Amino acid sequence: MTAVARTGRGFALLGAVQVVLILAITMLSPALPAIQSDLGLSGAQLTLVSAAYGLSFSGLLMLGGRLADLLGRRRALVAGAAVFGLASAAAGLGPGFAFLLGGRFVQGVGAALAAPAAMSLVRSLYPDDARHARALAVWGGLAGFGATAGMLLSGTVSTWVSWRWAFVVPVVVSLAAVVAARRLLPAGPAPVRVKLDVPGAVLVTAGLTVMSYGLVQAGERPWGAGVVWGPVVAGVLLLAAFAVVELKVADPLVPLGFLVRRHRATALWAVFIGSAGMSTIFFLLSLYFQEVRDASPLLTSAAFLPFSAAQVVTGMLAGRLIGRFGGRAVMVGGLVVAAGGLVLIGQLGAASPYAGAMLAGLIVFPVGIACVFSGSTVVALEDVEDSRAGLAGGVVNTAMEVGPTVGLAILVSLATAHASGLRDGGEGVASATSGGYAFALLLAAAAFAASAVGSAVALRGRRHGARTPVPGASEARPPVTVAVANGERAPLSPPRRR
């Protein structure tokens with residue numbers, strides 16, 4: 001096998017892992033009614049099954065990213081894929097609620113270790129700056145494709161066979177990663193020899209997990225309920241304690257200066273709101289098609305086929321767009337286009353035709369969101385030195401995982417409240433429900449538009465790729481660079497001092 005062929009197959013393997021880790025988030029969504037019926041679950045149990053993967057995945061990503069740097073990238077990928085695959089098999093084959101819930105939670109543990117390692121291995125595969133930039137642009141679009149693929153997979157298998165068959169795909173991809181990693185992937189740089197920040201790891205993991213649990217409960221209960229605001233407040237306090245610890249320890253898990261650089265903070269916000277918007281569309285439209293329009297899970301999944309096609313095509317072109325206009329322009333433009341798509345989908349009503357504003361929105365929005373993810377991934381990884389590539393992957397993936405939790409908690413609550421007001425005003429159930437969904441989608445569109453303006457202002461006056469000096473940066477090592485528009489190069493190395 002030639003070196004070029006090995007590199008291409010290695011990237012395909014990493015891409016398959018990334019897709020299936022995100023696919024696992026949405027792969028049970030259309031099948032939830034069937035799962036509830038088969039296992040006799042209560043509403044609360046069904047909510048836990050739906051949320052368990054995201055809770056452990058998002059809560060452990062920061063730690064997983066640092067472990068990828070400390071243990072070695074390929075080793076972390078193989079370990080994470082093995083845990084993810086075994087948990088997927090247990091969840092699919094298990095006889096009841098406990099196996100399914102435990103399997104989903106452990107799936108998230110494996111994913112939190114594998115995802116940052118996979119992203120950091122892209123740099124090891126493509127040390128050349130221009131090829132690395134193009135690879136990152138493609139990588140940024142894989143998350144959106146994975147989420148859509150999960151919806152399509154779930155609807156298909158739950159209609160034709162059983163929802164349990166959805167777990168076959170994660171098992172097969174995990175097995176392929178474990179078997180082929182040593183042959184196709186480089187080991188990466190030598191592991192970083194620093195002490196793990198255990199207090200920081202415990203605090204950020206507990207904070208994100210507890211806060212996410214409270215936000216998940218907000219979908220079922222009012223915000224005033226103790227089970228909602230209690231965990232949210234506790235999670236915020238734990239994260240505040242994490243920030244204090246990171247300022248004091250010699251080798252912090254996440255140096256706060258790494259997060260607050262203007263271009264990186266802006267890109268992480270774009271990832272956060274992009275994933276929140278996409279998950280909101282999947283969740284609300286799945287309910288709309290099945291509850292309001294009485295569509296089957298298979299038809300519901302088929303309704304997202306144009307979404308998937310538009311996303312794939314845009315993802316294939318994203319590298320060229322970023323090479324021509326720069327990651328920041330593509331990211332901001334994507335936010336504008338996605339806002340327009342949300343406005344179109346937000347015109348839905350109880351009897352709205354699919355082949356109208358709905359279909360147009362399901363084509364326009366994924367074009368924008370693919371640009372958002374591709375552009376923001378490139379921008380977020382500017383100025384990242386090789387020894388922190390795993391950490392950077394963990395931070396980007398955390399933004400992608402926390403976004404849906406926060407976004408759904410807020411927007412579903414607002415949709416429910418608006419629908420309740422419409423029913424009190426005399427609207428029928430179907431009309432009021434559709435009105436609540438439309439209201440939430442239009443609010444999401446406004447948030448995307450505001451984010452586009454805010455991002456453009458935040459990055460104004462900074463050429464794409466310009467480096468922002470950081471006090472205390474080491475000058476002993478030349479920065480790694482990434483090729484950007486107009487032949488300029490953007491440094492990828494932050495200061496070595498932590």
# chains A, B, ... in the order shown; residues from 1 in each chain; ligands from 1

call {"tool": "residues_around", "arguments": {"residues": "Ser212 in chain A", "least_positions_apart": "5", "cutoff": "10 Å", "atoms": "only C-alpha atoms", "output": "PDB file with N, CA and C atoms, in the first residue's frame"}}
result
ATOM      1  N   ALA A  51     -31.063  10.634  27.058  1.00  0.00           N
ATOM      2  CA  ALA A  51     -30.048  11.606  27.464  1.00  0.00           C
ATOM      3  C   ALA A  51     -28.748  10.990  27.940  1.00  0.00           C
ATOM      4  N   GLY A  54     -25.445  11.469  25.804  1.00  0.00           N
ATOM      5  CA  GLY A  54     -24.984  12.849  25.772  1.00  0.00           C
ATOM      6  C   GLY A  54     -24.432  13.325  27.102  1.00  0.00           C
ATOM      7  N   LEU A  55     -25.004  12.835  28.204  1.00  0.00           N
ATOM      8  CA  LEU A  55     -24.530  13.261  29.525  1.00  0.00           C
ATOM      9  C   LEU A  55     -23.086  12.828  29.759  1.00  0.00           C
ATOM     10  N   SER A  56     -22.781  11.555  29.514  1.00  0.00           N
ATOM     11  CA  SER A  56     -21.417  11.088  29.749  1.00  0.00           C
ATOM     12  C   SER A  56     -20.461  11.603  28.678  1.00  0.00           C
ATOM     13  N   SER A  58     -20.589  14.502  26.827  1.00  0.00           N
ATOM     14  CA  SER A  58     -20.243  15.915  27.021  1.00  0.00           C
ATOM     15  C   SER A  58     -19.484  16.132  28.323  1.00  0.00           C
ATOM     16  N   GLY A  59     -19.847  15.389  29.366  1.00  0.00           N
ATOM     17  CA  GLY A  59     -19.211  15.604  30.660  1.00  0.00           C
ATOM     18  C   GLY A  59     -17.754  15.197  30.693  1.00  0.00           C
ATOM     19  N   ALA A 206     -17.955  16.730  36.574  1.00  0.00           N
ATOM     20  CA  ALA A 206     -19.157  16.791  37.422  1.00  0.00           C
ATOM     21  C   ALA A 206     -20.017  17.987  37.045  1.00  0.00           C
ATOM     22  N   GLY A 207     -19.388  19.134  36.798  1.00  0.00           N
ATOM     23  CA  GLY A 207     -20.150  20.339  36.472  1.00  0.00           C
ATOM     24  C   GLY A 207     -20.945  20.194  35.195  1.00  0.00           C
ATOM     25  N   GLN A 217     -33.881  17.632  32.157  1.00  0.00           N
ATOM     26  CA  GLN A 217     -35.143  17.565  32.898  1.00  0.00           C
ATOM     27  C   GLN A 217     -36.076  18.722  32.560  1.00  0.00           C
ATOM     28  N   ALA A 218     -35.501  19.841  32.070  1.00  0.00           N
ATOM     29  CA  ALA A 218     -36.325  20.998  31.725  1.00  0.00           C
ATOM     30  C   ALA A 218     -37.261  20.694  30.562  1.00  0.00           C
ATOM     31  N   VAL A 228     -34.843  20.561  38.190  1.00  0.00           N
ATOM     32  CA  VAL A 228     -34.296  21.324  37.064  1.00  0.00           C
ATOM     33  C   VAL A 228     -33.284  22.362  37.563  1.00  0.00           C
ATOM     34  N   PRO A 231     -29.878  21.007  39.849  1.00  0.00           N
ATOM     35  CA  PRO A 231     -28.684  20.558  39.130  1.00  0.00           C
ATOM     36  C   PRO A 231     -28.041  21.653  38.279  1.00  0.00           C
ATOM     37  N   VAL A 232     -28.860  22.527  37.685  1.00  0.00           N
ATOM     38  CA  VAL A 232     -28.277  23.600  36.860  1.00  0.00           C
ATOM     39  C   VAL A 232     -27.417  24.525  37.717  1.00  0.00           C
ATOM     40  N   GLY A 235     -24.310  22.680  38.844  1.00  0.00           N
ATOM     41  CA  GLY A 235     -23.362  22.557  37.743  1.00  0.00           C
ATOM     42  C   GLY A 235     -22.608  23.836  37.480  1.00  0.00           C
ATOM     43  N   GLU A 401     -21.390  19.120  21.882  1.00  0.00           N
ATOM     44  CA  GLU A 401     -22.277  18.262  22.671  1.00  0.00           C
ATOM     45  C   GLU A 401     -23.140  19.040  23.660  1.00  0.00           C
ATOM     46  N   VAL A 402     -22.589  20.110  24.222  1.00  0.00           N
ATOM     47  CA  VAL A 402     -23.358  20.895  25.192  1.00  0.00           C
ATOM     48  C   VAL A 402     -24.410  21.742  24.479  1.00  0.00           C
ATOM     49  N   PRO A 404     -26.610  21.155  21.973  1.00  0.00           N
ATOM     50  CA  PRO A 404     -27.957  20.576  21.901  1.00  0.00           C
ATOM     51  C   PRO A 404     -28.670  20.510  23.243  1.00  0.00           C
ATOM     52  N   THR A 405     -27.927  20.204  24.307  1.00  0.00           N
ATOM     53  CA  THR A 405     -28.560  20.106  25.623  1.00  0.00           C
ATOM     54  C   THR A 405     -29.140  21.437  26.056  1.00  0.00           C
ATOM     55  N   VAL A 406     -28.337  22.486  25.942  1.00  0.00           N
ATOM     56  CA  VAL A 406     -28.797  23.822  26.346  1.00  0.00           C
ATOM     57  C   VAL A 406     -29.864  24.332  25.393  1.00  0.00           C
ATOM     58  N   ALA A 409     -33.244  22.514  25.815  1.00  0.00           N
ATOM     59  CA  ALA A 409     -33.896  22.854  27.081  1.00  0.00           C
ATOM     60  C   ALA A 409     -34.604  24.203  26.984  1.00  0.00           C
TER      61      ALA A 409
END

call {"tool": "residues_around", "arguments": {"residues": "Leu39 in chain A", "least_positions_apart": "6", "cutoff": "9 Å", "atoms": "only C-alpha atoms", "output": "ChimeraX atom specification"}}
result
/A:95-97

call {"tool": "select_by_dssp", "arguments": {"residues": "range 96-252 of chain A", "states": "helix (DSSP H, G or I)", "output": "NGL selection string"}}
result
:A and (97-125 or 129-160 or 163-184 or 198-217 or 226-248)

call {"tool": "atom_distance", "arguments": {"atom1": "CA of Arg134 in chain A", "atom2": "CA of Gly8 in chain A"}}
result
12.9 Å

call {"tool": "closest_residue", "arguments": {"among": "A:Phe99, A:Ala392, A:Thr7, A:Arg104", "to": "Arg131 in chain A", "atoms": "only C-alpha atoms"}}
result
A:Thr7

call {"tool": "residues_around", "arguments": {"residues": "range 343-345 of chain A", "least_positions_apart": "6", "cutoff": "8 Å", "atoms": "only C-alpha atoms", "output": "list in words"}}
result
Ala357, Met358, Leu359, Ala360, Gly361, Leu362, Ala438, Leu441, Leu442 and Ala445 of chain A

call {"tool": "closest_residue", "arguments": {"among": "A:Leu152, A:Val78, A:Leu253, A:Ala133", "to": "Gly326 in chain A", "atoms": "only C-alpha atoms"}}
result
A:Ala133

call {"tool": "decode", "arguments": {"residues": "range 288-333 of chain A", "atoms": "N, CA and C atoms", "output": "JSON list (two decimals), in the first residue's frame"}}
result
[["chain", "number", "residue", "atom", "x", "y", "z"],
["A", 288, "TYR", "N", -43.20, 16.94, 15.04],
["A", 288, "TYR", "CA", -44.19, 17.53, 14.14],
["A", 288, "TYR", "C", -44.68, 16.52, 13.11],
["A", 289, "PHE", "N", -43.75, 15.85, 12.46],
["A", 289, "PHE", "CA", -44.15, 14.90, 11.42],
["A", 289, "PHE", "C", -44.94, 13.72, 12.00],
["A", 290, "GLN", "N", -44.54, 13.24, 13.18],
["A", 290, "GLN", "CA", -45.19, 12.05, 13.72],
["A", 290, "GLN", "C", -46.45, 12.36, 14.52],
["A", 291, "GLU", "N", -46.46, 13.45, 15.27],
["A", 291, "GLU", "CA", -47.60, 13.75, 16.13],
["A", 291, "GLU", "C", -48.65, 14.62, 15.44],
["A", 292, "VAL", "N", -48.19, 15.61, 14.66],
["A", 292, "VAL", "CA", -49.13, 16.52, 14.00],
["A", 292, "VAL", "C", -49.56, 15.98, 12.65],
["A", 293, "ARG", "N", -48.58, 15.47, 11.88],
["A", 293, "ARG", "CA", -48.89, 15.00, 10.53],
["A", 293, "ARG", "C", -49.09, 13.48, 10.46],
["A", 294, "ASP", "N", -48.94, 12.79, 11.58],
["A", 294, "ASP", "CA", -49.20, 11.35, 11.68],
["A", 294, "ASP", "C", -48.34, 10.54, 10.71],
["A", 295, "ALA", "N", -47.09, 10.91, 10.55],
["A", 295, "ALA", "CA", -46.17, 10.18, 9.66],
["A", 295, "ALA", "C", -45.50, 9.05, 10.44],
["A", 296, "SER", "N", -45.12, 8.01, 9.74],
["A", 296, "SER", "CA", -44.41, 6.89, 10.36],
["A", 296, "SER", "C", -42.95, 7.29, 10.61],
["A", 297, "PRO", "N", -42.23, 6.52, 11.45],
["A", 297, "PRO", "CA", -40.80, 6.80, 11.62],
["A", 297, "PRO", "C", -40.02, 6.78, 10.31],
["A", 298, "LEU", "N", -40.40, 5.86, 9.40],
["A", 298, "LEU", "CA", -39.70, 5.78, 8.12],
["A", 298, "LEU", "C", -39.94, 7.02, 7.28],
["A", 299, "LEU", "N", -41.18, 7.48, 7.21],
["A", 299, "LEU", "CA", -41.47, 8.70, 6.45],
["A", 299, "LEU", "C", -40.82, 9.92, 7.10],
["A", 300, "THR", "N", -40.78, 9.92, 8.42],
["A", 300, "THR", "CA", -40.12, 11.02, 9.12],
["A", 300, "THR", "C", -38.64, 11.07, 8.75],
["A", 301, "SER", "N", -38.00, 9.92, 8.73],
["A", 301, "SER", "CA", -36.59, 9.87, 8.33],
["A", 301, "SER", "C", -36.42, 10.29, 6.88],
["A", 302, "ALA", "N", -37.34, 9.85, 6.00],
["A", 302, "ALA", "CA", -37.24, 10.20, 4.59],
["A", 302, "ALA", "C", -37.38, 11.70, 4.38],
["A", 303, "ALA", "N", -38.11, 12.37, 5.24],
["A", 303, "ALA", "CA", -38.27, 13.81, 5.11],
["A", 303, "ALA", "C", -36.95, 14.55, 5.26],
["A", 304, "PHE", "N", -35.97, 13.91, 5.92],
["A", 304, "PHE", "CA", -34.67, 14.56, 6.13],
["A", 304, "PHE", "C", -33.65, 14.20, 5.05],
["A", 305, "LEU", "N", -34.05, 13.43, 4.03],
["A", 305, "LEU", "CA", -33.11, 13.07, 2.97],
["A", 305, "LEU", "C", -32.57, 14.30, 2.23],
["A", 306, "PRO", "N", -33.40, 15.28, 1.85],
["A", 306, "PRO", "CA", -32.83, 16.49, 1.22],
["A", 306, "PRO", "C", -31.85, 17.22, 2.14],
["A", 307, "PHE", "N", -32.14, 17.21, 3.42],
["A", 307, "PHE", "CA", -31.24, 17.81, 4.41],
["A", 307, "PHE", "C", -29.86, 17.14, 4.33],
["A", 308, "SER", "N", -29.86, 15.82, 4.33],
["A", 308, "SER", "CA", -28.61, 15.08, 4.29],
["A", 308, "SER", "C", -27.86, 15.31, 3.00],
["A", 309, "ALA", "N", -28.57, 15.31, 1.87],
["A", 309, "ALA", "CA", -27.92, 15.51, 0.58],
["A", 309, "ALA", "C", -27.27, 16.89, 0.48],
["A", 310, "ALA", "N", -27.99, 17.91, 0.91],
["A", 310, "ALA", "CA", -27.45, 19.27, 0.87],
["A", 310, "ALA", "C", -26.22, 19.39, 1.77],
["A", 311, "GLN", "N", -26.27, 18.73, 2.89],
["A", 311, "GLN", "CA", -25.16, 18.78, 3.84],
["A", 311, "GLN", "C", -23.92, 18.10, 3.27],
["A", 312, "VAL", "N", -24.10, 16.95, 2.63],
["A", 312, "VAL", "CA", -22.96, 16.22, 2.06],
["A", 312, "VAL", "C", -22.31, 17.03, 0.94],
["A", 313, "VAL", "N", -23.12, 17.57, 0.04],
["A", 313, "VAL", "CA", -22.58, 18.34, -1.09],
["A", 313, "VAL", "C", -21.82, 19.56, -0.58],
["A", 314, "THR", "N", -22.40, 20.27, 0.39],
["A", 314, "THR", "CA", -21.73, 21.45, 0.93],
["A", 314, "THR", "C", -20.43, 21.08, 1.63],
["A", 315, "GLY", "N", -20.46, 19.97, 2.36],
["A", 315, "GLY", "CA", -19.25, 19.52, 3.04],
["A", 315, "GLY", "C", -18.12, 19.22, 2.06],
["A", 316, "MET", "N", -18.46, 18.70, 0.88],
["A", 316, "MET", "CA", -17.45, 18.41, -0.13],
["A", 316, "MET", "C", -16.85, 19.69, -0.70],
["A", 317, "LEU", "N", -17.61, 20.77, -0.68],
["A", 317, "LEU", "CA", -17.13, 22.03, -1.24],
["A", 317, "LEU", "C", -16.52, 22.95, -0.18],
["A", 318, "ALA", "N", -16.66, 22.59, 1.09],
["A", 318, "ALA", "CA", -16.26, 23.49, 2.16],
["A", 318, "ALA", "C", -14.76, 23.81, 2.11],
["A", 319, "GLY", "N", -13.94, 22.82, 1.79],
["A", 319, "GLY", "CA", -12.50, 23.06, 1.73],
["A", 319, "GLY", "C", -12.14, 24.12, 0.71],
["A", 320, "ARG", "N", -12.79, 24.07, -0.45],
["A", 320, "ARG", "CA", -12.52, 25.08, -1.48],
["A", 320, "ARG", "C", -13.00, 26.46, -1.03],
["A", 321, "LEU", "N", -14.16, 26.51, -0.40],
["A", 321, "LEU", "CA", -14.68, 27.79, 0.07],
["A", 321, "LEU", "C", -13.73, 28.42, 1.09],
["A", 322, "ILE", "N", -13.24, 27.60, 2.01],
["A", 322, "ILE", "CA", -12.34, 28.13, 3.03],
["A", 322, "ILE", "C", -11.01, 28.53, 2.41],
["A", 323, "GLY", "N", -10.52, 27.76, 1.43],
["A", 323, "GLY", "CA", -9.30, 28.14, 0.75],
["A", 323, "GLY", "C", -9.43, 29.47, 0.02],
["A", 324, "ARG", "N", -10.63, 29.77, -0.47],
["A", 324, "ARG", "CA", -10.85, 31.01, -1.24],
["A", 324, "ARG", "C", -11.17, 32.20, -0.35],
["A", 325, "PHE", "N", -12.05, 31.99, 0.64],
["A", 325, "PHE", "CA", -12.54, 33.12, 1.42],
["A", 325, "PHE", "C", -12.01, 33.14, 2.86],
["A", 326, "GLY", "N", -11.48, 32.03, 3.34],
["A", 326, "GLY", "CA", -11.02, 31.96, 4.73],
["A", 326, "GLY", "C", -12.08, 31.36, 5.64],
["A", 327, "GLY", "N", -11.62, 30.72, 6.71],
["A", 327, "GLY", "CA", -12.54, 30.05, 7.62],
["A", 327, "GLY", "C", -13.51, 30.99, 8.30],
["A", 328, "ARG", "N", -13.05, 32.18, 8.63],
["A", 328, "ARG", "CA", -13.92, 33.11, 9.37],
["A", 328, "ARG", "C", -15.07, 33.61, 8.51],
["A", 329, "ALA", "N", -14.78, 33.94, 7.24],
["A", 329, "ALA", "CA", -15.85, 34.40, 6.36],
["A", 329, "ALA", "C", -16.86, 33.28, 6.09],
["A", 330, "VAL", "N", -16.37, 32.05, 5.91],
["A", 330, "VAL", "CA", -17.27, 30.93, 5.68],
["A", 330, "VAL", "C", -18.14, 30.67, 6.91],
["A", 331, "MET", "N", -17.55, 30.79, 8.09],
["A", 331, "MET", "CA", -18.31, 30.58, 9.33],
["A", 331, "MET", "C", -19.42, 31.62, 9.48],
["A", 332, "VAL", "N", -19.09, 32.89, 9.29],
["A", 332, "VAL", "CA", -20.09, 33.96, 9.44],
["A", 332, "VAL", "C", -21.16, 33.84, 8.35],
["A", 333, "GLY", "N", -20.74, 33.58, 7.11],
["A", 333, "GLY", "CA", -21.72, 33.41, 6.04],
["A", 333, "GLY", "C", -22.63, 32.22, 6.30]]
